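For reference, the structure is listed below as structure tokens.
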Amino acid sequence: MSKKIAIYGVYETKARVPVPQRYLKKRRAYSYMRKGKQIKVAAGKQRYWRKVMRTKKVEAKGRYEFTGRGKDLYKAIAKAHTYMPRDYVEVPAKEFLEKPEEYGVRGEWVDREVESP
Amino acid sequence: MIEKWSHHSILGFTDSETVMLDLDDMSFRSVKYWALRTMNWFQLGGFIILRSSDRCYHVVFDRKVSWTQNMTVVAWVSLLSHNKDLHRWLEMQCIKQASTLRIGPKRDKGSPRIVSRYGEQDGQIAGFLKYRRMIKRIMKNMGEMD
């Protein structure tokens, strides 16, 4: 079947993303060697960045392409307002209704500028 | 008038066998010229023109074609009309391997309205309008539920 209903846009969802966080590392011995004298504890700490995983609200683009009959399409479009598409999802409406969590993640559509389809 | 869609998602119609054009930044006169010229050159039977926003129009042709033929027609119009937006739209359709036109409202833009009809209307145009009616009915029902 070549005819489909497209539902697309920008959405917000919670996802585990890498976030840079600053850490402190003690460098007393190293500092002593470089400067030739014992330094204070605070000055002997080296700050560095590490990427840690956090659950955050992120914005993403996605698109559903539904095929099927009227009633299934209606239910699928209603369901698509709870389950956001993981990138590009082409699926029969009936299959999507059976297992929506397999094709999408929980989130909500947000009002952002989207390019022509 | 059905403009009760309060959700931020956009609804559209996708098909690989219907020749569809998205002509942005063009006057209605030019759109009609290109629609007529394309219809005559490729013998597409008839067409409808929908106005999606100011100086933005959609064209849907009546004859059923293969995906390869479909892209031939769109590429021909894109090349001769020198419309950069159409060229970009063509690239996006090639990635998806199907053409999509918007049916529902998008941000401050309303749903596309039919502004012109020409020639045969009982082929792919009838199918497009059937889906358009169905999407509008879904939008109306969901709007009433909210």
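Going by the structure tokens order, chains are called A, B, ..., each with residues numbered from 1, while ligands are numbered from 1 in the order shown.
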Using only C-alpha atoms, tabulate the residues of chain A lying at most 8 Å from any atom of chain B, each with its closest atom pair and that distance in Å to one decimal, by chain and increasing residue number, as JSON lines.
```
{"residue": "A:Ser2", "atom": "CA", "partner": "B:Asp15", "partner_atom": "CA", "distance": 5.4}
{"residue": "A:Lys3", "atom": "CA", "partner": "B:Asp15", "partner_atom": "CA", "distance": 4.6}
{"residue": "A:Lys4", "atom": "CA", "partner": "B:Thr14", "partner_atom": "CA", "distance": 4.9}
{"residue": "A:Ile5", "atom": "CA", "partner": "B:Phe13", "partner_atom": "CA", "distance": 4.9}
{"residue": "A:Ala6", "atom": "CA", "partner": "B:Gly12", "partner_atom": "CA", "distance": 4.8}
{"residue": "A:Ile7", "atom": "CA", "partner": "B:Leu11", "partner_atom": "CA", "distance": 4.6}
{"residue": "A:Tyr8", "atom": "CA", "partner": "B:Ile10", "partner_atom": "CA", "distance": 5.3}
{"residue": "A:Gly9", "atom": "CA", "partner": "B:Ser9", "partner_atom": "CA", "distance": 5.1}
{"residue": "A:Val10", "atom": "CA", "partner": "B:Ser9", "partner_atom": "CA", "distance": 7.4}
{"residue": "A:Glu65", "atom": "CA", "partner": "B:Thr14", "partner_atom": "CA", "distance": 7.8}
{"residue": "A:Gly70", "atom": "CA", "partner": "B:Met134", "partner_atom": "CA", "distance": 7.3}
{"residue": "A:Tyr74", "atom": "CA", "partner": "B:Ile138", "partner_atom": "CA", "distance": 6.0}
{"residue": "A:Ala78", "atom": "CA", "partner": "B:Met142", "partner_atom": "CA", "distance": 7.5}
{"residue": "A:Trp109", "atom": "CA", "partner": "B:His8", "partner_atom": "CA", "distance": 5.4}
{"residue": "A:Val110", "atom": "CA", "partner": "B:His8", "partner_atom": "CA", "distance": 5.4}
{"residue": "A:Asp111", "atom": "CA", "partner": "B:His8", "partner_atom": "CA", "distance": 5.2}
{"residue": "A:Arg112", "atom": "CA", "partner": "B:Arg107", "partner_atom": "CA", "distance": 7.7}
{"residue": "A:Glu113", "atom": "CA", "partner": "B:Arg107", "partner_atom": "CA", "distance": 7.5}
{"residue": "A:Ser116", "atom": "CA", "partner": "B:Trp89", "partner_atom": "CA", "distance": 7.0}
{"residue": "A:Pro117", "atom": "CA", "partner": "B:Thr100", "partner_atom": "CA", "distance": 5.8}
```
All residues 10 Å or closer to Thr68 (chain B), only C-alpha atoms, same chain fewer than 2 positions away omitted, as a PyMOL selection string: chain B and resi 16-17+65-66+70-73+97
Which of B:Ser30, B:Lys130, B:Gly123, B:Val115 sits closest to Gly46 (chain B) [using only C-alpha atoms]: B:Gly123
DSSP helix (DSSP H, G or I) residues within region 11-135 of chain B, as a ChimeraX atom specification: /B:28-42,67-81,84-96,124-135
Residues within 9 Å of Trp49 (chain A), only C-alpha atoms, excluding chain neighbours under 2 positions, as number ranges by chain: A: 20-24, 47, 51
Which residues are near Arg63 (chain B)? Cut-off 10 Å, only C-alpha atoms, ignore same chain within fewer than 5 positions. Put them as a tab-separated table (two decimals) with N, CA, C and O atoms, in the first residue's frame.
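What ended up in result-v5.tsv:
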```tsv
chain	number	residue	atom	x	y	z
B	17	GLU	N	2.98	7.01	-5.46
B	17	GLU	CA	2.42	6.85	-6.81
B	17	GLU	C	1.66	8.09	-7.30
B	17	GLU	O	1.10	8.08	-8.38
B	18	THR	N	1.60	9.11	-6.46
B	18	THR	CA	0.93	10.35	-6.86
B	18	THR	C	1.98	11.43	-7.07
B	18	THR	O	2.85	11.61	-6.21
B	19	VAL	N	1.88	12.13	-8.20
B	19	VAL	CA	2.84	13.21	-8.45
B	19	VAL	C	2.38	14.43	-7.65
B	19	VAL	O	1.27	14.93	-7.82
B	39	MET	N	1.49	19.02	-16.60
B	39	MET	CA	0.38	18.11	-16.93
B	39	MET	C	0.39	17.77	-18.42
B	39	MET	O	0.23	16.60	-18.79
B	42	PHE	N	3.76	15.56	-19.41
B	42	PHE	CA	3.78	14.17	-18.95
B	42	PHE	C	2.41	13.49	-19.02
B	42	PHE	O	2.26	12.38	-18.51
B	43	GLN	N	1.44	14.14	-19.59
B	43	GLN	CA	0.07	13.62	-19.73
B	43	GLN	C	-0.46	13.10	-18.39
B	43	GLN	O	-0.72	11.92	-18.20
B	44	LEU	N	-0.58	14.04	-17.43
B	44	LEU	CA	-0.97	13.64	-16.07
B	44	LEU	C	-2.48	13.78	-15.82
B	44	LEU	O	-2.92	13.63	-14.68
B	45	GLY	N	-3.23	14.10	-16.82
B	45	GLY	CA	-4.70	14.08	-16.70
B	45	GLY	C	-5.33	15.34	-16.14
B	45	GLY	O	-6.14	15.99	-16.77
B	46	GLY	N	-4.97	15.69	-14.95
B	46	GLY	CA	-5.55	16.88	-14.30
B	46	GLY	C	-4.77	17.21	-13.04
B	46	GLY	O	-3.85	16.48	-12.66
B	47	PHE	N	-5.14	18.30	-12.40
B	47	PHE	CA	-4.42	18.68	-11.17
B	47	PHE	C	-5.30	19.53	-10.26
B	47	PHE	O	-6.32	20.07	-10.70
B	120	GLU	N	-9.08	16.06	-15.23
B	120	GLU	CA	-9.67	14.88	-14.55
B	120	GLU	C	-9.37	14.92	-13.05
B	120	GLU	O	-8.29	15.35	-12.64
B	121	GLN	N	-10.32	14.42	-12.28
B	121	GLN	CA	-10.18	14.48	-10.82
B	121	GLN	C	-10.47	13.14	-10.14
B	121	GLN	O	-10.50	13.06	-8.92
B	122	ASP	N	-10.73	12.10	-10.94
B	122	ASP	CA	-11.22	10.85	-10.33
B	122	ASP	C	-10.13	9.79	-10.11
B	122	ASP	O	-10.43	8.68	-9.72
B	123	GLY	N	-8.89	10.12	-10.35
B	123	GLY	CA	-7.80	9.16	-10.15
B	123	GLY	C	-7.12	9.38	-8.80
B	123	GLY	O	-7.73	9.21	-7.74
B	124	GLN	N	-5.87	9.75	-8.86
B	124	GLN	CA	-5.07	9.95	-7.63
B	124	GLN	C	-5.59	11.14	-6.80
B	124	GLN	O	-5.45	11.13	-5.58
B	125	ILE	N	-6.18	12.11	-7.48
B	125	ILE	CA	-6.71	13.28	-6.76
B	125	ILE	C	-7.83	12.84	-5.82
B	125	ILE	O	-7.91	13.28	-4.67
```
Could you write out, as a short mmCIF file (atom, residue, chain, number, x, y, z; two decimals) with N, CA, C and O atoms, in the first residue's frame, all the residues of chain B that DSSP marks as strand (DSSP E)?
```
data_model
loop_
_atom_site.label_atom_id
_atom_site.label_comp_id
_atom_site.auth_asym_id
_atom_site.auth_seq_id
_atom_site.Cartn_x
_atom_site.Cartn_y
_atom_site.Cartn_z
N ILE B 10 2.63 17.62 13.24
CA ILE B 10 2.09 18.00 11.93
C ILE B 10 1.62 16.74 11.21
O ILE B 10 2.32 15.73 11.20
N LEU B 11 0.43 16.84 10.62
CA LEU B 11 -0.12 15.69 9.90
C LEU B 11 0.01 15.90 8.40
O LEU B 11 -0.23 17.00 7.90
N GLY B 12 0.38 14.84 7.70
CA GLY B 12 0.54 14.94 6.26
C GLY B 12 0.12 13.68 5.55
O GLY B 12 -0.16 12.66 6.18
N PHE B 13 0.11 13.77 4.23
CA PHE B 13 -0.26 12.63 3.39
C PHE B 13 0.96 12.21 2.58
O PHE B 13 1.61 13.05 1.94
N THR B 14 1.28 10.92 2.63
CA THR B 14 2.45 10.40 1.92
C THR B 14 2.02 9.39 0.87
O THR B 14 1.20 8.52 1.16
N ASP B 15 2.57 9.53 -0.32
CA ASP B 15 2.28 8.55 -1.37
C ASP B 15 3.43 8.54 -2.38
O ASP B 15 4.01 9.59 -2.67
N THR B 18 1.60 9.11 -6.46
CA THR B 18 0.93 10.35 -6.86
C THR B 18 1.98 11.43 -7.07
O THR B 18 2.85 11.61 -6.21
N VAL B 19 1.88 12.13 -8.20
CA VAL B 19 2.84 13.21 -8.45
C VAL B 19 2.38 14.43 -7.65
O VAL B 19 1.27 14.93 -7.82
N MET B 20 3.25 14.88 -6.75
CA MET B 20 2.94 16.04 -5.91
C MET B 20 4.10 17.03 -5.99
O MET B 20 5.26 16.62 -6.05
N LEU B 21 3.77 18.31 -5.97
CA LEU B 21 4.80 19.36 -6.00
C LEU B 21 4.59 20.31 -4.83
O LEU B 21 3.45 20.63 -4.49
N ASP B 22 5.67 20.75 -4.23
CA ASP B 22 5.61 21.75 -3.16
C ASP B 22 6.31 23.00 -3.70
O ASP B 22 7.53 23.06 -3.74
N LEU B 23 5.52 23.96 -4.16
CA LEU B 23 6.09 25.16 -4.79
C LEU B 23 6.03 26.33 -3.82
O LEU B 23 4.96 26.89 -3.58
N ASP B 24 7.18 26.64 -3.23
CA ASP B 24 7.26 27.76 -2.28
C ASP B 24 7.81 29.00 -2.97
O ASP B 24 8.55 28.89 -3.95
N GLY B 46 -4.97 15.69 -14.95
CA GLY B 46 -5.55 16.88 -14.30
C GLY B 46 -4.77 17.21 -13.04
O GLY B 46 -3.85 16.48 -12.66
N PHE B 47 -5.14 18.30 -12.40
CA PHE B 47 -4.42 18.68 -11.17
C PHE B 47 -5.30 19.53 -10.26
O PHE B 47 -6.32 20.07 -10.70
N ILE B 48 -4.90 19.60 -9.01
CA ILE B 48 -5.50 20.56 -8.07
C ILE B 48 -4.37 21.37 -7.45
O ILE B 48 -3.26 20.86 -7.27
N ILE B 49 -4.66 22.62 -7.17
CA ILE B 49 -3.66 23.48 -6.51
C ILE B 49 -4.19 23.83 -5.13
O ILE B 49 -5.37 24.21 -4.98
N LEU B 50 -3.36 23.66 -4.11
CA LEU B 50 -3.74 24.01 -2.74
C LEU B 50 -2.82 25.14 -2.26
O LEU B 50 -1.61 25.08 -2.50
N ARG B 51 -3.38 26.11 -1.58
CA ARG B 51 -2.57 27.21 -1.05
C ARG B 51 -2.25 26.88 0.41
O ARG B 51 -3.16 26.77 1.23
N SER B 52 -0.95 26.71 0.72
CA SER B 52 -0.58 26.33 2.10
C SER B 52 -0.30 27.56 2.96
O SER B 52 -0.57 27.56 4.15
N SER B 53 0.28 28.59 2.36
CA SER B 53 0.47 29.87 3.06
C SER B 53 0.74 30.92 1.98
O SER B 53 0.61 30.62 0.80
N CYS B 56 2.94 30.15 -1.10
CA CYS B 56 3.34 28.74 -1.01
C CYS B 56 2.16 27.87 -1.46
O CYS B 56 1.06 28.01 -0.92
N TYR B 57 2.40 27.03 -2.43
CA TYR B 57 1.32 26.22 -3.01
C TYR B 57 1.74 24.76 -3.12
O TYR B 57 2.93 24.45 -3.23
N HIS B 58 0.73 23.87 -3.08
CA HIS B 58 0.95 22.45 -3.34
C HIS B 58 0.18 22.09 -4.60
O HIS B 58 -0.93 22.59 -4.79
N VAL B 59 0.75 21.22 -5.41
CA VAL B 59 0.04 20.75 -6.61
C VAL B 59 -0.02 19.22 -6.56
O VAL B 59 0.97 18.56 -6.25
N VAL B 60 -1.21 18.66 -6.83
CA VAL B 60 -1.39 17.21 -6.87
C VAL B 60 -1.95 16.85 -8.25
O VAL B 60 -2.92 17.46 -8.70
N PHE B 61 -1.32 15.88 -8.92
CA PHE B 61 -1.76 15.47 -10.27
C PHE B 61 -2.58 14.19 -10.19
O PHE B 61 -2.52 13.44 -9.21
N ASP B 62 -3.33 13.93 -11.25
CA ASP B 62 -4.33 12.87 -11.21
C ASP B 62 -3.85 11.48 -11.63
O ASP B 62 -4.34 10.49 -11.12
N ARG B 63 -2.90 11.39 -12.55
CA ARG B 63 -2.53 10.07 -13.08
C ARG B 63 -1.61 9.31 -12.12
O ARG B 63 -0.73 9.91 -11.50
N LYS B 64 -1.87 7.99 -12.04
CA LYS B 64 -1.04 7.13 -11.19
C LYS B 64 0.28 6.86 -11.91
O LYS B 64 0.26 6.50 -13.09
N SER B 99 6.54 10.85 -1.57
CA SER B 99 6.30 12.30 -1.46
C SER B 99 5.29 12.58 -0.36
O SER B 99 4.32 11.85 -0.21
N THR B 100 5.54 13.64 0.40
CA THR B 100 4.61 14.02 1.47
C THR B 100 4.17 15.47 1.29
O THR B 100 4.99 16.34 0.98
N LEU B 101 2.89 15.70 1.49
CA LEU B 101 2.37 17.06 1.55
C LEU B 101 1.63 17.24 2.86
O LEU B 101 0.97 16.32 3.35
N ARG B 102 1.73 18.45 3.40
CA ARG B 102 1.08 18.75 4.68
C ARG B 102 -0.43 18.85 4.50
O ARG B 102 -0.91 19.40 3.51
N ARG B 113 -5.58 24.99 1.55
CA ARG B 113 -6.93 25.11 0.96
C ARG B 113 -6.86 24.89 -0.55
O ARG B 113 -5.90 25.35 -1.18
N ILE B 114 -7.89 24.27 -1.09
CA ILE B 114 -7.94 24.07 -2.55
C ILE B 114 -8.30 25.41 -3.19
O ILE B 114 -9.31 26.02 -2.82
N VAL B 115 -7.47 25.85 -4.13
CA VAL B 115 -7.74 27.13 -4.80
C VAL B 115 -8.01 26.96 -6.29
O VAL B 115 -8.56 27.86 -6.92
N SER B 116 -7.63 25.82 -6.85
CA SER B 116 -7.86 25.64 -8.28
C SER B 116 -7.95 24.15 -8.63
O SER B 116 -7.26 23.33 -8.02
N ARG B 117 -8.82 23.83 -9.59
CA ARG B 117 -8.94 22.46 -10.11
C ARG B 117 -8.90 22.52 -11.62
O ARG B 117 -9.44 23.46 -12.22
N TYR B 118 -8.30 21.51 -12.24
CA TYR B 118 -8.26 21.48 -13.70
C TYR B 118 -8.20 20.03 -14.17
O TYR B 118 -7.48 19.22 -13.62
N GLY B 119 -8.97 19.71 -15.19
CA GLY B 119 -8.93 18.38 -15.83
C GLY B 119 -9.56 17.29 -15.00
O GLY B 119 -10.44 17.54 -14.17
#
```
Separation of CA of Glu115 (chain A) from CA of Leu80 (chain B) in Å: 23.1 Å
